[in-house]
Amino acid sequence: MTRKKRRFLTIAFCGIVLSAAIGLVLIALKQNITFFRSPADIALLSIQPGVRFRLGGLVEAGSVVKNVNNATQFNVTDGTKSLKVSFDGILPDLFREGQGVVSEGSLQKDGSFKADTVLAKHDENYMPREVADALKKQGVWQGDKKL
C-alpha cells in the first residue's frame with residue numbers, strides 16, 4: 001500500500017468516525033429539546049397529547065385554584081387565548097395572578113396542560129424572551145414602559 005493511499009484511508013476513517021459522533025450528538029440533543037409555545041400557538045397548531053413543550057404567558061386573574069396535597073390549577077393566557085394548567089408540587093414564591101410564568105410539560109387528552117415544572121419571573125423587570133415576544137405579538141406587552 002502506498003503512502004498516498006494509506007493517508008487517504010486514514011483521513012476517510014477519521015471522517016466517518018467524526019460524522020458518526022456528530023450524528024449521535026444531534027440525536028441526543030433532539031430528544032432533549034423542548035419548544036416554547038403560547039396559548040394562541042397551541043390553538044393554531046395540532047400538538048399531540050404527550051409531546052413535551054414549554055407553555056408561557058401570564059397567569060390569568062381569578063383562575064388560581066389550590067387543592068390539597070400541593071395540587072394547583074390555573075389558566076395561562078397571552079391576551080387572546082387561555083389554557084388550563086394543572087401542577088402537582090410547590091409553586092415558586094413569586095407565582096401569582098397577573099405575573100409571567102413558564103410551565104414545562106405536555107398536553108393531556110382533554111386539552112389541558114399538565115405541568116411538571118413551573119417557573120415564575122424573579123423581579124418586576126424580568127420575563128423570558130419568548131414570553132415577551134409572544135405578548136408583544138399579541139399587543140399586550142407593557143414591560144418596556146418606564147414609570
# chains A, B, ... in the order shown; residues from 1 in each chain; ligands from 1

$ residues_around --residues "stretch 45-62 of chain A" --least-positions-apart "2" --cutoff "10 Å" --atoms "only C-alpha atoms" --output "PyMOL selection string"
chain A and resi 32-43+64-65+74-79+81-85+95-115+117-120+127-128+130-132+134-135

$ select_by_dssp --residues "chain A" --states "alpha helix (DSSP H)" --output "PyMOL selection string"
chain A and resi 3-32+39-44+129-138

$ write_last_selection --atoms "C-alpha atoms" --output "compact mmCIF listing (two decimals), in the first residue's frame"
# COMPACT_ATOMS: atom_id res chain seq x y z
CA ARG A 3 1.80 6.28 1.35
CA LYS A 4 -0.79 8.30 -0.51
CA LYS A 5 -3.41 5.51 -0.29
CA ARG A 6 -2.71 4.94 3.41
CA ARG A 7 -3.11 8.69 4.13
CA PHE A 8 -6.40 8.74 2.19
CA LEU A 9 -7.74 5.73 4.14
CA THR A 10 -6.74 7.33 7.45
CA ILE A 11 -8.48 10.60 6.56
CA ALA A 12 -11.58 8.73 5.31
CA PHE A 13 -11.73 6.67 8.54
CA CYS A 14 -11.42 9.82 10.69
CA GLY A 15 -14.17 11.47 8.63
CA ILE A 16 -16.51 8.52 9.16
CA VAL A 17 -15.84 8.46 12.91
CA LEU A 18 -16.37 12.24 13.15
CA SER A 19 -19.64 12.02 11.17
CA ALA A 20 -20.90 9.23 13.43
CA ALA A 21 -20.02 11.26 16.56
CA ILE A 22 -21.81 14.35 15.23
CA GLY A 23 -24.86 12.24 14.34
CA LEU A 24 -25.04 10.76 17.85
CA VAL A 25 -24.78 14.23 19.43
CA LEU A 26 -27.58 15.56 17.22
CA ILE A 27 -29.83 12.60 18.07
CA ALA A 28 -29.20 13.11 21.80
CA LEU A 29 -29.95 16.84 21.54
CA LYS A 30 -33.13 16.26 19.55
CA GLN A 31 -34.53 14.04 22.30
CA ASN A 32 -33.97 16.74 24.94
CA PRO A 39 -51.75 29.52 24.26
CA ALA A 40 -52.52 31.11 20.86
CA ASP A 41 -49.84 28.93 19.22
CA ILE A 42 -51.39 25.82 20.74
CA ALA A 43 -54.80 26.76 19.38
CA LEU A 44 -53.32 27.11 15.88
CA ARG A 129 -37.65 36.47 25.93
CA GLU A 130 -40.03 34.00 24.28
CA VAL A 131 -42.92 35.03 26.54
CA ALA A 132 -42.21 38.73 25.98
CA ASP A 133 -42.06 38.22 22.20
CA ALA A 134 -45.37 36.34 22.20
CA LEU A 135 -47.04 39.04 24.33
CA LYS A 136 -45.63 41.79 22.09
CA LYS A 137 -47.07 39.96 19.08
CA GLN A 138 -50.48 39.93 20.77

$ select_by_dssp --residues "stretch 12-147 of chain A" --states "strand (DSSP E or B)" --output "PyMOL selection string"
chain A and resi 35-37+52-59+65-66+71-77+82-88+100-107+113-120

$ atom_distance --atom1 "atom CA of A:Ser63" --atom2 "atom CA of A:Gly139"
21.7 Å

$ atom_distance --atom1 "atom CA of A:Asn69" --atom2 "atom CA of A:Asp88"
7.7 Å

$ residues_around --residues "A:Asn70" --least-positions-apart "4" --cutoff "8 Å" --atoms "only C-alpha atoms" --output "compact mmCIF listing (two decimals) with N, CA and C atoms, in the first residue's frame"
# COMPACT_ATOMS: atom_id res chain seq x y z
N LYS A 66 -56.03 26.31 44.43
CA LYS A 66 -55.11 25.43 45.14
C LYS A 66 -55.90 24.36 45.87
N ASP A 88 -48.78 19.59 40.08
CA ASP A 88 -48.69 18.94 41.39
C ASP A 88 -47.30 19.21 41.94
N GLY A 89 -47.23 20.07 42.92
CA GLY A 89 -45.95 20.41 43.51
C GLY A 89 -46.02 21.78 44.17
N ILE A 90 -44.87 22.22 44.62
CA ILE A 90 -44.78 23.51 45.30
C ILE A 90 -44.47 24.57 44.25
